[in-house]
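Novice: Handing over my_file_34.cif, mmCIF, N, CA and C atoms.
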```
data_data
#
loop_
_atom_site.label_atom_id
_atom_site.label_comp_id
_atom_site.auth_asym_id
_atom_site.auth_seq_id
_atom_site.Cartn_x
_atom_site.Cartn_y
_atom_site.Cartn_z
N LEU A 215 -23.63 -5.64 -13.55
CA LEU A 215 -23.73 -6.90 -12.83
C LEU A 215 -22.34 -7.27 -12.34
N SER A 216 -22.24 -7.68 -11.10
CA SER A 216 -20.96 -8.16 -10.59
C SER A 216 -21.22 -9.28 -9.58
N PHE A 217 -20.25 -10.18 -9.50
CA PHE A 217 -20.32 -11.25 -8.51
C PHE A 217 -18.91 -11.73 -8.23
N ALA A 218 -18.75 -12.44 -7.11
CA ALA A 218 -17.44 -12.93 -6.70
C ALA A 218 -17.47 -14.45 -6.62
N ARG A 219 -16.34 -15.05 -6.93
CA ARG A 219 -16.11 -16.48 -6.79
C ARG A 219 -14.70 -16.66 -6.25
N TRP A 220 -14.52 -17.65 -5.38
CA TRP A 220 -13.19 -17.86 -4.84
C TRP A 220 -13.04 -19.25 -4.25
N ASP A 221 -11.78 -19.63 -4.14
CA ASP A 221 -11.37 -20.82 -3.41
C ASP A 221 -10.04 -20.49 -2.76
N GLN A 222 -9.34 -21.49 -2.27
CA GLN A 222 -8.07 -21.26 -1.56
C GLN A 222 -7.00 -20.63 -2.46
N GLN A 223 -7.01 -20.95 -3.75
CA GLN A 223 -5.96 -20.50 -4.64
C GLN A 223 -6.30 -19.21 -5.41
N GLN A 224 -7.56 -18.92 -5.62
CA GLN A 224 -7.93 -17.84 -6.52
C GLN A 224 -9.17 -17.11 -6.02
N GLN A 225 -9.12 -15.78 -6.04
CA GLN A 225 -10.25 -14.96 -5.64
C GLN A 225 -10.58 -14.04 -6.82
N LEU A 226 -11.82 -14.12 -7.32
CA LEU A 226 -12.21 -13.40 -8.53
C LEU A 226 -13.45 -12.54 -8.30
N ILE A 227 -13.49 -11.41 -9.00
CA ILE A 227 -14.69 -10.60 -9.13
C ILE A 227 -14.95 -10.48 -10.63
N ILE A 228 -16.16 -10.82 -11.03
CA ILE A 228 -16.54 -10.71 -12.43
C ILE A 228 -17.53 -9.55 -12.55
N VAL A 229 -17.25 -8.64 -13.48
CA VAL A 229 -18.07 -7.45 -13.68
C VAL A 229 -18.45 -7.40 -15.15
N SER A 230 -19.74 -7.18 -15.44
CA SER A 230 -20.21 -7.12 -16.82
C SER A 230 -21.08 -5.90 -17.05
N ASN A 231 -20.93 -5.32 -18.23
CA ASN A 231 -21.78 -4.22 -18.69
C ASN A 231 -22.67 -4.79 -19.80
N PHE A 232 -23.93 -5.04 -19.49
CA PHE A 232 -24.87 -5.57 -20.47
C PHE A 232 -25.64 -4.45 -21.15
N SER A 233 -24.95 -3.36 -21.41
CA SER A 233 -25.57 -2.18 -22.02
C SER A 233 -24.81 -1.82 -23.29
N GLY A 234 -25.47 -1.14 -24.19
CA GLY A 234 -24.83 -0.65 -25.39
C GLY A 234 -24.11 0.67 -25.17
N GLN A 235 -24.05 1.12 -23.91
CA GLN A 235 -23.39 2.38 -23.56
C GLN A 235 -22.21 2.10 -22.63
N PRO A 236 -21.13 2.89 -22.75
CA PRO A 236 -20.02 2.73 -21.79
C PRO A 236 -20.47 3.18 -20.40
N VAL A 237 -19.87 2.60 -19.37
CA VAL A 237 -20.18 2.97 -17.99
C VAL A 237 -18.90 3.11 -17.19
N SER A 238 -18.90 4.06 -16.26
CA SER A 238 -17.81 4.24 -15.28
C SER A 238 -18.46 4.32 -13.91
N PHE A 239 -17.88 3.64 -12.94
CA PHE A 239 -18.49 3.61 -11.61
C PHE A 239 -17.48 3.14 -10.57
N GLN A 240 -17.85 3.32 -9.31
CA GLN A 240 -17.09 2.81 -8.18
C GLN A 240 -17.78 1.53 -7.71
N LEU A 241 -17.10 0.40 -7.81
CA LEU A 241 -17.65 -0.86 -7.31
C LEU A 241 -17.27 -0.99 -5.84
N GLN A 242 -18.28 -1.05 -4.97
CA GLN A 242 -18.01 -1.21 -3.55
C GLN A 242 -17.92 -2.69 -3.22
N LEU A 243 -16.82 -3.07 -2.55
CA LEU A 243 -16.63 -4.47 -2.17
C LEU A 243 -17.21 -4.68 -0.78
N PRO A 244 -18.09 -5.66 -0.61
CA PRO A 244 -18.71 -5.89 0.70
C PRO A 244 -17.67 -6.23 1.78
N THR A 245 -17.90 -5.73 2.95
CA THR A 245 -17.01 -6.00 4.08
C THR A 245 -16.90 -7.49 4.35
N THR A 246 -18.02 -8.21 4.25
CA THR A 246 -17.99 -9.65 4.50
C THR A 246 -17.10 -10.39 3.50
N LEU A 247 -17.10 -9.94 2.25
CA LEU A 247 -16.22 -10.54 1.23
C LEU A 247 -14.76 -10.30 1.60
N LEU A 248 -14.43 -9.07 1.96
CA LEU A 248 -13.05 -8.76 2.33
C LEU A 248 -12.61 -9.56 3.55
N GLN A 249 -13.50 -9.76 4.50
CA GLN A 249 -13.15 -10.55 5.69
C GLN A 249 -12.88 -12.01 5.32
N GLN A 250 -13.66 -12.56 4.41
CA GLN A 250 -13.44 -13.94 3.98
C GLN A 250 -12.13 -14.07 3.22
N TRP A 251 -11.84 -13.08 2.37
CA TRP A 251 -10.58 -13.11 1.63
C TRP A 251 -9.40 -12.87 2.56
N GLN A 252 -9.58 -12.05 3.59
CA GLN A 252 -8.52 -11.80 4.57
C GLN A 252 -8.14 -13.11 5.27
N ALA A 253 -9.12 -13.95 5.54
CA ALA A 253 -8.85 -15.23 6.18
C ALA A 253 -7.97 -16.12 5.30
N LEU A 254 -8.07 -15.95 3.98
CA LEU A 254 -7.24 -16.72 3.05
C LEU A 254 -5.82 -16.15 2.93
N HIS A 255 -5.65 -14.89 3.31
CA HIS A 255 -4.37 -14.20 3.20
C HIS A 255 -4.04 -13.52 4.52
N PRO A 256 -3.83 -14.29 5.59
CA PRO A 256 -3.67 -13.67 6.92
C PRO A 256 -2.42 -12.80 7.06
N ALA A 257 -1.44 -12.96 6.20
CA ALA A 257 -0.21 -12.18 6.32
C ALA A 257 -0.32 -10.80 5.66
N THR A 258 -1.43 -10.52 4.98
CA THR A 258 -1.58 -9.24 4.30
C THR A 258 -2.89 -8.58 4.71
N THR A 259 -3.09 -7.35 4.27
CA THR A 259 -4.33 -6.63 4.52
C THR A 259 -4.84 -6.11 3.18
N PRO A 260 -6.11 -5.68 3.11
CA PRO A 260 -6.61 -5.11 1.86
C PRO A 260 -5.78 -3.94 1.34
N ALA A 261 -5.10 -3.23 2.20
CA ALA A 261 -4.24 -2.12 1.75
C ALA A 261 -3.10 -2.63 0.87
N ASN A 262 -2.78 -3.91 0.96
CA ASN A 262 -1.69 -4.50 0.18
C ASN A 262 -2.18 -5.30 -1.01
N TRP A 263 -3.46 -5.18 -1.34
CA TRP A 263 -4.05 -5.93 -2.44
C TRP A 263 -4.35 -5.03 -3.63
N GLN A 264 -4.47 -5.66 -4.78
CA GLN A 264 -4.97 -4.99 -5.98
C GLN A 264 -5.76 -6.02 -6.77
N LEU A 265 -6.56 -5.54 -7.70
CA LEU A 265 -7.26 -6.43 -8.61
C LEU A 265 -6.59 -6.35 -9.97
N THR A 266 -6.34 -7.48 -10.59
CA THR A 266 -5.70 -7.54 -11.90
C THR A 266 -6.63 -8.28 -12.85
N GLU A 267 -6.88 -7.67 -14.02
CA GLU A 267 -7.74 -8.30 -15.02
C GLU A 267 -7.01 -9.51 -15.59
N VAL A 268 -7.68 -10.64 -15.59
CA VAL A 268 -7.05 -11.92 -15.95
C VAL A 268 -6.52 -11.93 -17.37
N TRP A 269 -7.26 -11.37 -18.34
CA TRP A 269 -6.88 -11.49 -19.74
C TRP A 269 -5.92 -10.41 -20.21
N THR A 270 -6.00 -9.20 -19.62
CA THR A 270 -5.17 -8.08 -20.09
C THR A 270 -4.05 -7.71 -19.13
N ALA A 271 -4.09 -8.20 -17.90
CA ALA A 271 -3.13 -7.88 -16.83
C ALA A 271 -3.21 -6.41 -16.38
N LYS A 272 -4.26 -5.70 -16.78
CA LYS A 272 -4.44 -4.33 -16.30
C LYS A 272 -4.73 -4.37 -14.80
N ARG A 273 -4.10 -3.45 -14.07
CA ARG A 273 -4.22 -3.42 -12.61
C ARG A 273 -5.22 -2.36 -12.18
N TYR A 274 -5.98 -2.71 -11.15
CA TYR A 274 -6.97 -1.81 -10.57
C TYR A 274 -6.71 -1.73 -9.07
N PRO A 275 -6.21 -0.59 -8.58
CA PRO A 275 -5.95 -0.48 -7.14
C PRO A 275 -7.25 -0.37 -6.35
N LEU A 276 -7.21 -0.92 -5.15
CA LEU A 276 -8.34 -0.76 -4.23
C LEU A 276 -8.22 0.58 -3.53
N GLN A 277 -9.35 1.24 -3.33
CA GLN A 277 -9.38 2.50 -2.58
C GLN A 277 -10.05 2.22 -1.24
N LEU A 278 -9.29 2.40 -0.17
CA LEU A 278 -9.79 2.10 1.16
C LEU A 278 -10.09 3.38 1.92
N THR A 279 -11.25 3.40 2.56
CA THR A 279 -11.60 4.45 3.51
C THR A 279 -12.05 3.76 4.79
N ARG A 280 -12.36 4.54 5.79
CA ARG A 280 -12.86 3.92 7.03
C ARG A 280 -14.21 3.27 6.83
N GLN A 281 -14.99 3.78 5.87
CA GLN A 281 -16.34 3.26 5.66
C GLN A 281 -16.41 2.09 4.69
N ASN A 282 -15.55 2.09 3.65
CA ASN A 282 -15.71 1.04 2.64
C ASN A 282 -14.44 0.87 1.80
N THR A 283 -14.49 -0.14 0.95
CA THR A 283 -13.42 -0.42 -0.01
C THR A 283 -14.05 -0.45 -1.38
N THR A 284 -13.49 0.33 -2.32
CA THR A 284 -14.03 0.41 -3.66
C THR A 284 -12.92 0.24 -4.69
N VAL A 285 -13.34 0.05 -5.92
CA VAL A 285 -12.42 0.02 -7.05
C VAL A 285 -13.10 0.79 -8.18
N SER A 286 -12.35 1.66 -8.84
CA SER A 286 -12.87 2.45 -9.96
C SER A 286 -12.80 1.63 -11.24
N LEU A 287 -13.92 1.53 -11.94
CA LEU A 287 -13.98 0.74 -13.16
C LEU A 287 -14.65 1.52 -14.28
N SER A 288 -14.21 1.28 -15.49
CA SER A 288 -14.85 1.79 -16.71
C SER A 288 -14.97 0.62 -17.67
N LEU A 289 -16.18 0.38 -18.14
CA LEU A 289 -16.42 -0.72 -19.06
C LEU A 289 -17.03 -0.19 -20.35
N ALA A 290 -16.54 -0.70 -21.45
CA ALA A 290 -17.09 -0.39 -22.77
C ALA A 290 -18.44 -1.11 -22.91
N PRO A 291 -19.22 -0.75 -23.92
CA PRO A 291 -20.46 -1.48 -24.16
C PRO A 291 -20.21 -2.98 -24.30
N TRP A 292 -21.01 -3.76 -23.61
CA TRP A 292 -20.99 -5.22 -23.67
C TRP A 292 -19.69 -5.84 -23.13
N GLU A 293 -18.89 -5.08 -22.42
CA GLU A 293 -17.60 -5.57 -21.91
C GLU A 293 -17.77 -6.27 -20.57
N SER A 294 -16.93 -7.26 -20.33
CA SER A 294 -16.84 -7.94 -19.04
C SER A 294 -15.39 -7.96 -18.61
N LEU A 295 -15.19 -7.92 -17.30
CA LEU A 295 -13.86 -8.02 -16.71
C LEU A 295 -13.84 -9.18 -15.74
N VAL A 296 -12.74 -9.91 -15.73
CA VAL A 296 -12.51 -10.95 -14.73
C VAL A 296 -11.31 -10.45 -13.92
N LEU A 297 -11.60 -10.01 -12.70
CA LEU A 297 -10.59 -9.39 -11.85
C LEU A 297 -10.15 -10.37 -10.77
N GLN A 298 -8.83 -10.55 -10.66
CA GLN A 298 -8.26 -11.48 -9.69
C GLN A 298 -7.55 -10.71 -8.59
N LEU A 299 -7.80 -11.09 -7.35
CA LEU A 299 -7.11 -10.49 -6.22
C LEU A 299 -5.64 -10.90 -6.23
N GLN A 300 -4.75 -9.92 -6.09
CA GLN A 300 -3.32 -10.19 -6.05
C GLN A 300 -2.65 -9.20 -5.11
N PRO A 301 -1.49 -9.57 -4.57
CA PRO A 301 -0.74 -8.59 -3.78
C PRO A 301 -0.19 -7.49 -4.68
N LYS A 302 -0.07 -6.30 -4.12
CA LYS A 302 0.54 -5.21 -4.88
C LYS A 302 1.99 -5.54 -5.15
N ASP A 303 2.49 -5.03 -6.27
CA ASP A 303 3.91 -5.23 -6.61
C ASP A 303 4.80 -4.38 -5.73
#
```
What would the structure in this file look like if it were written as C-alpha cells?

Specialist:
Amino acid sequence: LSFARWDQQQQLIIVSNFSGQPVSFQLQLPTTLLQQWQALHPATTPANWQLTEVWTAKRYPLQLTRQNTTVSLSLAPWESLVLQLQPKD
C-alpha cells in the first residue's frame, strides 16, 4: 500500500507492507504527482530529487527513464516507510 500527501513545505510518500513476509519492489511514481511536485519546486527537476525516510534518514534515489520514475524499496514484514522528497546532496 502506498499513498502521497503534500503541501507547500513537505511532500511525502507513505509505503506499508501489511504482510508477514519481506517484500522488494519498484514503486512507480505517477507522472501527475511529479508534475504537481515540480510546480512546488520550479528551480529543480526530478533528476535532482531523492526520497529520504523521515525516521532513519536513509536515502532512496529516484530512477528516471523516458517512460517513468521509480524508486527501489525493500520492506520487512509489517514495516512502513515515510519518505520525504528532498534535493540531492

Novice: When you look at Val229 in chain A with a cut-off of 10 Å (counting only C-alpha atoms), what residues show up, excluding the ones that are within fewer than 4 positions of it in the same chain? I need them as a VMD selection string.

Specialist: chain A and resid 215 to 218 241 287 289 293 to 297

Novice: With a distance cut-off of 7 Å and only N, CA and C atoms, select the neighbouring residues of Gln242 in chain A, excluding the residue or stretch itself and same-chain residues fewer than 5 positions from it, and output the selection as an MDAnalysis selection string.

Specialist: chainID A and resid 282:285

Novice: Give me the residues near Gln281 in chain A as number ranges by chain, where near means some atom within 12 Å (using only C-alpha atoms) and where sequence neighbours in that chain fewer than 3 positions away do not count.

Specialist: A: 242-245, 277-278, 284

Novice: What does the PyMOL selection byres ((chain A and resi 264) around 5) select in this file, as a compact mmCIF listing (two decimals) with N, CA and C atoms, in the coordinates of the input?

Specialist:
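And here is the file that came out, selection.txt:
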```txt
# COMPACT_ATOMS: atom_id res chain seq x y z
N ASN A 262 -2.78 -3.91 0.96
CA ASN A 262 -1.69 -4.50 0.18
C ASN A 262 -2.18 -5.30 -1.01
N TRP A 263 -3.46 -5.18 -1.34
CA TRP A 263 -4.05 -5.93 -2.44
C TRP A 263 -4.35 -5.03 -3.63
N LEU A 265 -6.56 -5.54 -7.70
CA LEU A 265 -7.26 -6.43 -8.61
C LEU A 265 -6.59 -6.35 -9.97
N THR A 266 -6.34 -7.48 -10.59
CA THR A 266 -5.70 -7.54 -11.90
C THR A 266 -6.63 -8.28 -12.85
N TYR A 274 -5.98 -2.71 -11.15
CA TYR A 274 -6.97 -1.81 -10.57
C TYR A 274 -6.71 -1.73 -9.07
N PRO A 275 -6.21 -0.59 -8.58
CA PRO A 275 -5.95 -0.48 -7.14
C PRO A 275 -7.25 -0.37 -6.35
N LEU A 276 -7.21 -0.92 -5.15
CA LEU A 276 -8.34 -0.76 -4.23
C LEU A 276 -8.22 0.58 -3.53
N LEU A 299 -7.80 -11.09 -7.35
CA LEU A 299 -7.11 -10.49 -6.22
C LEU A 299 -5.64 -10.90 -6.23
N GLN A 300 -4.75 -9.92 -6.09
CA GLN A 300 -3.32 -10.19 -6.05
C GLN A 300 -2.65 -9.20 -5.11
N PRO A 301 -1.49 -9.57 -4.57
CA PRO A 301 -0.74 -8.59 -3.78
C PRO A 301 -0.19 -7.49 -4.68
N LYS A 302 -0.07 -6.30 -4.12
CA LYS A 302 0.54 -5.21 -4.88
C LYS A 302 1.99 -5.54 -5.15
```

Novice: Write down as a list in words the residues of chain A whose backbone DSSP state falls under helix (DSSP H, G or I).

Specialist: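 The residues of chain A classed as helix (DSSP H, G or I) are Thr245, Thr246, Leu247, Leu248, Gln249, Gln250, Trp251, Gln252, Ala253, Leu254, Pro260, Ala261 and Asn262 of chain A.
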
Novice: What does the distance between atom C of Gln225 in chain A and atom C of Glu267 in chain A come to in Å, to one decimal place?

Specialist: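 Result for atom C of Gln225 in chain A versus atom C of Glu267 in chain A: 10.5 Å, one decimal.
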
Novice: Once you add 6 Å to each side, what are the centre and edge lengths of the axis-aligned box holding all listed atoms of range 247-262 of chain A? One decimal in Å, as lines of an AutoDock Vina configuration file, if you can.

Specialist:
```
center_x = -8.7
center_y = -9.4
center_z = 3.0
size_x = 28.9
size_y = 26.6
size_z = 20.1
```

Novice: Could you tell me which residues the PyMOL selection byres ((chain A and resi 290) around 7) grabs in this file, written as a ChimeraX atom specification?

Specialist: /A:231,233-237,288-289,291-294

Novice: Quick one: pick out all strand (DSSP E or B) residues within chain A from a backbone DSSP run and write them as a VMD selection string.

Specialist: chain A and resid 216 to 220 225 to 230 237 to 243 263 to 267 273 to 275 277 to 278 283 to 289 294 to 301

Novice: How many Å lie between CA of Trp220 in chain A and CA of Ala261 in chain A, rounded to one decimal?

Specialist: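 CA of Ala261 in chain A lies at a distance of 19.3 Å from CA of Trp220 in chain A.
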
Novice: For Gln250 in chain A, which residue out of A:Gln222, A:Thr270, A:Ser230, A:Ser238 is the nearest one, using only C-alpha atoms?

Specialist: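 Of all the options, A:Gln222 lies closest to Gln250 in chain A.
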
Novice: Using Å and a single decimal, report how far CA of Ala271 in chain A sits from atom N of Trp251 in chain A.

Specialist: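 Taking atom N of Trp251 in chain A as the start and CA of Ala271 in chain A as the end point, the length is 21.7 Å.
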
Novice: Out of A:Phe232, A:Thr246, A:Thr258, A:Gln298, which residue has the shortest atom-to-atom distance to Arg219 in chain A when counting only C-alpha atoms?

Specialist: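 Among A:Phe232, A:Thr246, A:Thr258, A:Gln298, it is A:Gln298 that comes nearest to Arg219 in chain A.
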
Novice: Point out the residue among A:Leu248, A:Ser286, A:Phe239, A:Leu226 with the least atom-to-atom distance to Pro260 in chain A, counting all atoms listed in the file.

Specialist: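 Going through A:Leu248, A:Ser286, A:Phe239, A:Leu226 one by one, the smallest distance to Pro260 in chain A is for A:Leu248.
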